[in-house]
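Enquirer: For reference, this is coords27.cif, and it has mmCIF, C-alpha atoms and all ligand atoms.
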```
data_upload
#
loop_
_atom_site.label_atom_id
_atom_site.label_comp_id
_atom_site.auth_asym_id
_atom_site.auth_seq_id
_atom_site.Cartn_x
_atom_site.Cartn_y
_atom_site.Cartn_z
CA MET A 56 0.00 0.00 0.00
CA THR A 57 1.28 3.46 -0.86
CA ALA A 58 1.48 5.98 1.97
CA GLN A 59 -0.38 9.24 1.37
CA PRO A 60 1.99 12.23 1.05
CA THR A 61 1.56 14.50 4.05
CA ASP A 62 0.66 17.51 1.88
CA SER A 63 -1.96 15.79 -0.30
CA PRO A 64 -5.39 17.50 -0.35
CA ALA A 65 -7.83 16.34 2.31
CA SER A 66 -9.60 13.33 0.81
CA SER A 67 -12.47 13.06 3.30
CA SER A 68 -14.54 15.96 1.89
CA THR A 69 -16.80 15.52 -1.13
CA SER A 70 -16.18 17.59 -4.26
CA ALA A 71 -19.36 19.60 -3.52
CA GLU A 72 -18.00 20.50 -0.07
CA ARG A 73 -14.65 21.47 -1.55
CA LEU A 74 -16.39 23.72 -4.11
CA ALA A 75 -18.36 25.46 -1.37
CA ALA A 76 -15.34 25.82 0.91
CA PRO A 77 -13.45 29.12 1.07
CA VAL A 78 -10.13 29.24 -0.74
CA ALA A 79 -8.64 31.10 2.22
CA ARG A 80 -9.76 31.60 5.79
CA LEU A 81 -8.28 33.53 8.73
CA ARG A 82 -9.79 33.08 12.18
CA ASP A 83 -8.98 35.15 15.25
CA VAL A 84 -5.43 35.85 14.10
CA HIS A 85 -3.08 37.73 16.44
CA GLN A 86 0.38 38.88 15.43
CA SER A 87 2.64 41.36 17.14
CA TYR A 88 6.14 42.62 16.48
CA GLY A 89 7.65 43.26 19.88
CA ARG A 90 5.18 45.58 21.62
CA SER A 91 3.47 46.59 18.36
CA LEU A 92 0.22 44.64 17.82
CA ALA A 93 -0.30 44.27 14.03
CA LEU A 94 -3.26 41.84 14.02
CA ALA A 95 -5.65 41.65 16.96
CA GLY A 96 -8.24 38.99 16.17
CA ALA A 97 -8.41 39.40 12.38
CA ALA A 98 -10.91 37.17 10.56
CA LEU A 99 -11.61 36.80 6.85
CA GLU A 100 -12.98 34.24 4.41
CA VAL A 101 -12.33 34.42 0.68
CA ALA A 102 -14.50 32.41 -1.70
CA PRO A 103 -13.05 30.72 -4.79
CA GLY A 104 -12.69 33.27 -7.60
CA GLU A 105 -13.66 36.21 -5.37
CA ARG A 106 -11.85 39.57 -5.85
CA VAL A 107 -11.28 41.36 -2.56
CA ALA A 108 -9.65 44.68 -1.68
CA VAL A 109 -8.13 45.04 1.80
CA THR A 110 -8.04 48.68 2.84
CA GLY A 111 -7.48 50.66 6.03
CA PRO A 112 -5.13 53.27 7.43
CA SER A 113 -1.37 52.86 7.36
CA GLY A 114 -0.32 50.53 10.17
CA SER A 115 -3.74 48.83 10.42
CA GLY A 116 -2.27 45.40 9.67
CA LYS A 117 -2.98 44.97 5.94
CA SER A 118 0.47 43.73 4.89
CA THR A 119 0.73 41.50 7.95
CA LEU A 120 -2.64 39.94 7.10
CA LEU A 121 -1.44 39.26 3.55
CA LEU A 122 1.82 37.71 4.77
CA CYS A 123 -0.17 35.42 7.09
CA LEU A 124 -2.42 34.36 4.18
CA ALA A 125 0.70 33.74 2.07
CA GLY A 126 2.14 31.46 4.75
CA VAL A 127 5.21 33.69 4.93
CA LEU A 128 4.41 34.72 8.50
CA ARG A 129 3.21 32.22 11.12
CA PRO A 130 0.85 34.18 13.36
CA GLN A 131 1.30 33.89 17.11
CA SER A 132 -2.27 32.65 17.47
CA GLY A 133 -5.34 31.93 15.37
CA ASP A 134 -5.95 29.76 12.30
CA VAL A 135 -4.94 30.31 8.71
CA GLU A 136 -6.29 27.90 6.08
CA VAL A 137 -5.56 27.93 2.36
CA VAL A 138 -7.41 25.52 0.04
CA GLY A 139 -8.66 23.73 3.15
CA ARG A 140 -5.19 23.14 4.60
CA ASP A 141 -4.44 24.49 8.07
CA LEU A 142 -1.04 26.13 7.59
CA SER A 143 -0.08 25.64 11.24
CA THR A 144 -0.18 21.85 10.80
CA LEU A 145 2.29 21.88 7.89
CA ASP A 146 6.04 21.72 8.30
CA ASP A 147 8.18 24.27 6.47
CA ALA A 148 8.67 22.09 3.38
CA ALA A 149 4.96 21.29 3.02
CA ARG A 150 4.04 24.96 3.54
CA THR A 151 6.53 26.00 0.85
CA ARG A 152 5.07 23.43 -1.58
CA LEU A 153 1.51 24.62 -0.89
CA ARG A 154 2.61 28.23 -1.37
CA ARG A 155 4.31 27.47 -4.68
CA ARG A 156 1.32 25.56 -6.07
CA GLU A 157 -1.64 27.46 -4.71
CA ILE A 158 -0.55 31.06 -4.09
CA GLY A 159 0.70 33.74 -6.45
CA LEU A 160 2.27 36.76 -4.78
CA VAL A 161 2.62 40.23 -6.36
CA LEU A 162 4.46 42.96 -4.44
CA GLN A 163 4.79 46.70 -5.04
CA PHE A 164 8.01 46.68 -7.07
CA GLY A 165 7.68 43.40 -8.96
CA GLN A 166 10.64 41.82 -7.15
CA LEU A 167 11.86 40.20 -10.38
CA VAL A 168 15.28 38.56 -10.46
CA PRO A 169 17.44 41.20 -12.22
CA GLU A 170 19.82 38.74 -13.87
CA LEU A 171 17.01 36.75 -15.54
CA THR A 172 15.03 37.74 -18.62
CA ALA A 173 11.26 38.27 -18.38
CA VAL A 174 10.53 34.78 -19.70
CA GLN A 175 13.06 33.20 -17.31
CA ASN A 176 11.52 35.09 -14.37
CA VAL A 177 8.04 33.82 -15.26
CA ALA A 178 9.25 30.26 -15.89
CA PHE A 179 11.09 30.17 -12.54
CA PRO A 180 8.19 28.93 -10.32
CA LEU A 181 7.55 26.07 -12.75
CA LEU A 182 11.23 25.08 -12.76
CA LEU A 183 11.10 24.98 -8.95
CA GLU A 184 8.21 22.54 -9.35
CA SER A 185 10.52 20.45 -11.60
CA SER A 186 8.89 21.18 -14.95
CA GLY A 187 11.20 20.82 -17.95
CA ARG A 188 12.78 24.04 -19.19
CA ALA A 189 11.10 24.02 -22.64
CA GLU A 190 7.67 23.35 -21.14
CA ALA A 191 8.16 26.03 -18.44
CA GLU A 192 9.31 28.65 -20.95
CA ALA A 193 6.39 27.86 -23.28
CA ALA A 194 3.96 28.40 -20.38
CA ALA A 195 5.81 31.60 -19.45
CA VAL A 196 5.48 32.97 -22.99
CA HIS A 197 1.77 32.14 -22.92
CA TRP A 198 1.32 34.15 -19.71
CA LEU A 199 3.47 37.05 -20.91
CA ASP A 200 1.21 37.15 -23.97
CA ARG A 201 -1.93 37.15 -21.76
CA LEU A 202 -0.45 40.12 -19.87
CA GLY A 203 0.37 41.94 -23.11
CA VAL A 204 4.17 41.82 -22.81
CA ALA A 205 5.19 38.81 -24.95
CA ASP A 206 7.41 41.07 -27.05
CA LEU A 207 9.50 41.78 -23.93
CA ALA A 208 10.19 38.10 -23.16
CA GLY A 209 13.94 38.40 -23.80
CA GLU A 210 14.45 41.63 -21.82
CA ARG A 211 15.92 41.84 -18.33
CA PRO A 212 13.90 43.76 -15.68
CA GLY A 213 16.29 46.74 -15.81
CA ALA A 214 15.20 47.43 -19.40
CA LEU A 215 11.48 47.44 -18.50
CA SER A 216 9.24 50.25 -17.23
CA GLY A 217 7.54 49.89 -13.82
CA GLY A 218 4.25 48.92 -15.46
CA GLU A 219 5.96 46.33 -17.66
CA GLN A 220 7.76 44.86 -14.64
CA GLN A 221 4.43 44.52 -12.82
CA ARG A 222 2.89 42.74 -15.81
CA VAL A 223 5.80 40.29 -15.78
CA ALA A 224 5.40 39.84 -12.00
CA ILE A 225 1.68 39.13 -12.48
CA ALA A 226 2.49 36.57 -15.21
CA ARG A 227 4.93 34.94 -12.76
CA ALA A 228 2.22 34.86 -10.06
CA LEU A 229 -0.30 33.19 -12.40
CA VAL A 230 1.95 30.72 -14.24
CA THR A 231 1.35 27.91 -11.71
CA SER A 232 -2.47 28.40 -11.96
CA PRO A 233 -2.77 29.17 -8.23
CA ALA A 234 -6.11 29.14 -6.40
CA LEU A 235 -5.24 32.44 -4.72
CA VAL A 236 -3.37 35.55 -5.90
CA LEU A 237 -2.21 37.93 -3.17
CA ALA A 238 -1.05 41.44 -4.09
CA ASP A 239 0.37 44.11 -1.78
CA GLU A 240 0.00 47.61 -3.28
CA PRO A 241 0.69 46.15 -6.75
CA THR A 242 0.11 49.48 -8.49
CA GLY A 243 1.43 51.73 -5.71
CA ALA A 244 4.60 52.67 -7.61
CA LEU A 245 2.86 53.39 -10.95
CA ASP A 246 1.34 56.53 -12.46
CA THR A 247 -2.47 56.67 -12.54
CA VAL A 248 -3.02 55.54 -16.12
CA THR A 249 -0.50 52.67 -15.93
CA ALA A 250 -1.88 51.66 -12.52
CA GLU A 251 -5.40 51.33 -13.95
CA GLU A 252 -4.14 49.27 -16.89
CA VAL A 253 -2.07 46.95 -14.71
CA LEU A 254 -4.89 46.48 -12.21
CA ALA A 255 -7.39 45.67 -14.97
CA VAL A 256 -5.07 43.16 -16.57
CA MET A 257 -4.33 41.50 -13.21
CA ARG A 258 -8.02 41.34 -12.29
CA ASP A 259 -9.04 39.90 -15.66
CA ALA A 260 -6.17 37.42 -15.87
CA ALA A 261 -6.84 36.16 -12.32
CA SER A 262 -10.54 35.76 -13.09
CA ALA A 263 -9.86 34.02 -16.41
CA SER A 264 -7.68 31.48 -14.61
CA GLY A 265 -10.26 31.04 -11.82
CA ALA A 266 -8.00 32.41 -9.05
CA ALA A 267 -9.34 34.39 -6.11
CA LEU A 268 -7.61 37.77 -5.76
CA VAL A 269 -6.81 39.67 -2.56
CA VAL A 270 -5.32 43.13 -3.08
CA VAL A 271 -3.97 45.29 -0.27
CA THR A 272 -4.40 48.91 -1.31
CA HIS A 273 -4.81 52.43 0.01
CA ASP A 274 -6.23 53.54 -3.35
CA ASN A 275 -10.03 53.96 -3.38
CA ARG A 276 -10.16 53.44 -7.15
CA VAL A 277 -8.46 50.07 -6.82
CA ALA A 278 -10.89 49.06 -4.07
CA ALA A 279 -13.90 50.21 -6.11
CA SER A 280 -12.83 48.11 -9.08
CA LEU A 281 -12.97 44.84 -7.09
CA ASP A 282 -16.03 42.91 -5.88
CA ARG A 283 -15.61 43.37 -2.17
CA GLU A 284 -13.82 45.74 0.23
CA VAL A 285 -12.63 44.58 3.62
CA VAL A 286 -11.55 47.41 5.92
CA LEU A 287 -8.96 46.88 8.66
CA ARG A 288 -8.40 49.10 11.68
CA ASP A 289 -6.07 48.34 14.57
CA GLY A 290 -5.54 44.79 13.36
CA ARG A 291 -9.22 43.84 13.05
CA VAL A 292 -11.77 43.79 10.25
CA VAL A 293 -14.17 46.70 10.88
CA GLY A 294 -15.96 46.79 7.52
CA ASP A 295 -16.92 44.30 4.83
CA GLU A 296 -18.78 45.70 1.81
CA GLY A 297 -19.99 43.74 -1.17
CA SER A 298 -19.35 40.26 0.23
CA ARG A 299 -21.43 37.50 -1.35
P1 LIG B 1 -0.29 48.24 6.96
O1 LIG B 1 0.06 47.28 5.86
O2 LIG B 1 -1.76 48.41 7.15
O3 LIG B 1 0.40 49.55 6.85
P2 LIG B 1 1.40 46.55 8.61
O4 LIG B 1 0.86 45.17 8.60
O5 LIG B 1 2.56 46.85 7.72
O6 LIG B 1 0.20 47.56 8.33
O7 LIG B 1 1.84 46.94 10.08
C1 LIG B 1 0.97 46.82 11.20
C2 LIG B 1 1.72 47.27 12.45
O8 LIG B 1 2.81 46.41 12.68
C3 LIG B 1 2.30 48.67 12.33
O9 LIG B 1 2.22 49.28 13.61
C4 LIG B 1 3.73 48.43 11.94
O10 LIG B 1 4.56 49.48 12.39
C5 LIG B 1 4.04 47.13 12.66
N1 LIG B 1 5.02 46.32 11.93
C6 LIG B 1 4.84 45.75 10.71
N2 LIG B 1 5.92 45.06 10.34
C7 LIG B 1 6.83 45.18 11.34
C8 LIG B 1 8.15 44.68 11.56
N3 LIG B 1 8.76 43.88 10.67
N4 LIG B 1 8.76 45.03 12.72
C9 LIG B 1 8.15 45.80 13.63
N5 LIG B 1 6.90 46.30 13.50
C10 LIG B 1 6.24 46.00 12.37
#
```
Written as structure tokens, how would this file's structure read?
Ligand code: ADP
Expert:
Amino acid sequence: MTAQPTDSPASSSTSAERLAAPVARLRDVHQSYGRSLALAGAALEVAPGERVAVTGPSGSGKSTLLLCLAGVLRPQSGDVEVVGRDLSTLDDAARTRLRRREIGLVLQFGQLVPELTAVQNVAFPLLLESSGRAEAEAAAVHWLDRLGVADLAGERPGALSGGEQQRVAIARALVTSPALVLADEPTGALDTVTAEEVLAVMRDAASASGAALVVVTHDNRVAASLDREVVLRDGRVVGDEGSR
């Protein structure tokens, strides 16, 4: 008999239950940095395919909440589940695998590897998952094309504008077909027109691939362009508009 891998999806739930289940769930999450309390009982559920803005004043805990959802930060207390897996029960290796397969992360400045071309940056997550190079680069070109930057495939990040870098970063986040895309101020470094274009392309590409999208933003226009706005204050959710 073959042993089940420890990070295989839960097999006890029916497919109908899995469809109804949230793609991400935070319950009563507390996180502090020294004496500074960043999350004080934060709770949130994100449905599959849902597009959520997380807003709130500076210092209200938005980035910390995103890092907890991404499995980058282990909160001091509370539960974080992604695709039905309780992150606190996974060891580091299993959490990293779940993150690579199920979560795409987009940060403010793209965070591309400067020595790699656009196509190599986008192919990178697939190579980590042991895809072959030709297959990974073909998928990367496909996603660069979806994001409207296929002609820049051979360029290194230093030769790209801020908006182009973000498009490449979004392609990299989507290339593994994750269930959840997390973005922290993804358009915060862009001018207004470019920001609107990049946001629209991210929103549409995430939806087309069936991923839920959670965007931390202080920009009201970004929040208004998504389905739901969750407002944080002092580390707790104090508003939730447009939830299904
Ligand atoms: P936001 O994204 O809403 O601005 P953050 O999650 O970045 O909020 O921060 C919440 C609180 O935690 C703030 O008071 C911030 O100063 C503090 N904080 C965040 N990251 C750190 C850190 N690495 N070290 C110390 N304090 C931090």
Enquirer: What are the closest atom pairs, with distances in Å to one decimal, for each residue of segment 221-257 of chain A lying within 10 Å of segment 109-118 of chain A, using all atoms listed in the file, rows by chain and rising residue number, as a tab-separated table?
Expert:
```
residue	atom	partner	partner_atom	distance
A:Ala238	CA	A:Ser118	CA	9.4
A:Asp239	CA	A:Ser118	CA	6.7
A:Glu240	CA	A:Ser118	CA	9.1
```
Enquirer: Just write the chosen residues, C-alpha atoms, as a PDB file, keeping the file's coordinate frame.
Expert:
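Just written: again31.pdb:
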```pdb
ATOM      1  CA  ALA A 238      -1.050  41.440  -4.090  1.00  0.00           C
ATOM      2  CA  ASP A 239       0.370  44.110  -1.780  1.00  0.00           C
ATOM      3  CA  GLU A 240       0.000  47.610  -3.280  1.00  0.00           C
TER       4      GLU A 240
END
```
Enquirer: Measure the distance from atom CA of Asn176 of chain A to atom CA of Arg222 of chain A in Å and round it to one decimal.
Expert: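 These two atoms are separated by 11.6 Å.
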Enquirer: Return the single residue from A:Val271, A:Val293, A:Leu245, A:Leu287 that is closest to Gly218 of chain A, with distances computed using all atoms listed in the file.
Expert: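 The answer is A:Leu245, which sits nearest to Gly218 of chain A.
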Enquirer: So, with only C-alpha atoms as the atoms that count, which of A:Thr242, A:Leu124, A:Gln131, A:Leu142 lies closest to Leu92 of chain A?
Expert: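 Of A:Thr242, A:Leu124, A:Gln131, A:Leu142, the one nearest Leu92 of chain A, counting only C-alpha atoms, is A:Gln131.
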Enquirer: Write out as a list in words the residues lying within 12 Å of Thr144 of chain A, counting all atoms listed in the file and excluding same-chain residues fewer than 4 positions away.
Expert: Thr61, Asp62, Gly126, Arg129, Asp134, Val135, Glu136, Val137, Gly139, Arg140, Ala148, Ala149 and Arg150 of chain A
Enquirer: Looking at all atoms listed in the file, which of A:Arg106, A:His85, A:Arg156, A:Arg283 is the one that sits closest to ligand LIG 1 (chain B)?
Expert: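 Looking at the shortest contact to ligand LIG 1 (chain B), the residue is A:His85.
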Enquirer: Quick one, how far is atom CA of Gly133 of chain A from atom CA of Arg82 of chain A?
Expert: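 About the pair atom CA of Gly133 of chain A and atom CA of Arg82 of chain A: they are 5.6 Å apart.
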Enquirer: First collect every listed atom of ligand LIG 1 (chain B); then fit an axis-aligned box around them, widen it by 6 Å on each side, and give centre and edge lengths in Å to one decimal, as AutoDock Vina command-line options.
Expert:
```
--center_x 3.5 --center_y 46.7 --center_z 9.7 --size_x 22.5 --size_y 17.7 --size_z 19.8
```
Enquirer: Return the single residue from A:Leu120, A:Val78, A:Val138, A:Ala173 that is closest to ligand LIG 1 (chain B), with distances computed using only C-alpha atoms and all ligand atoms.
Expert: A:Leu120
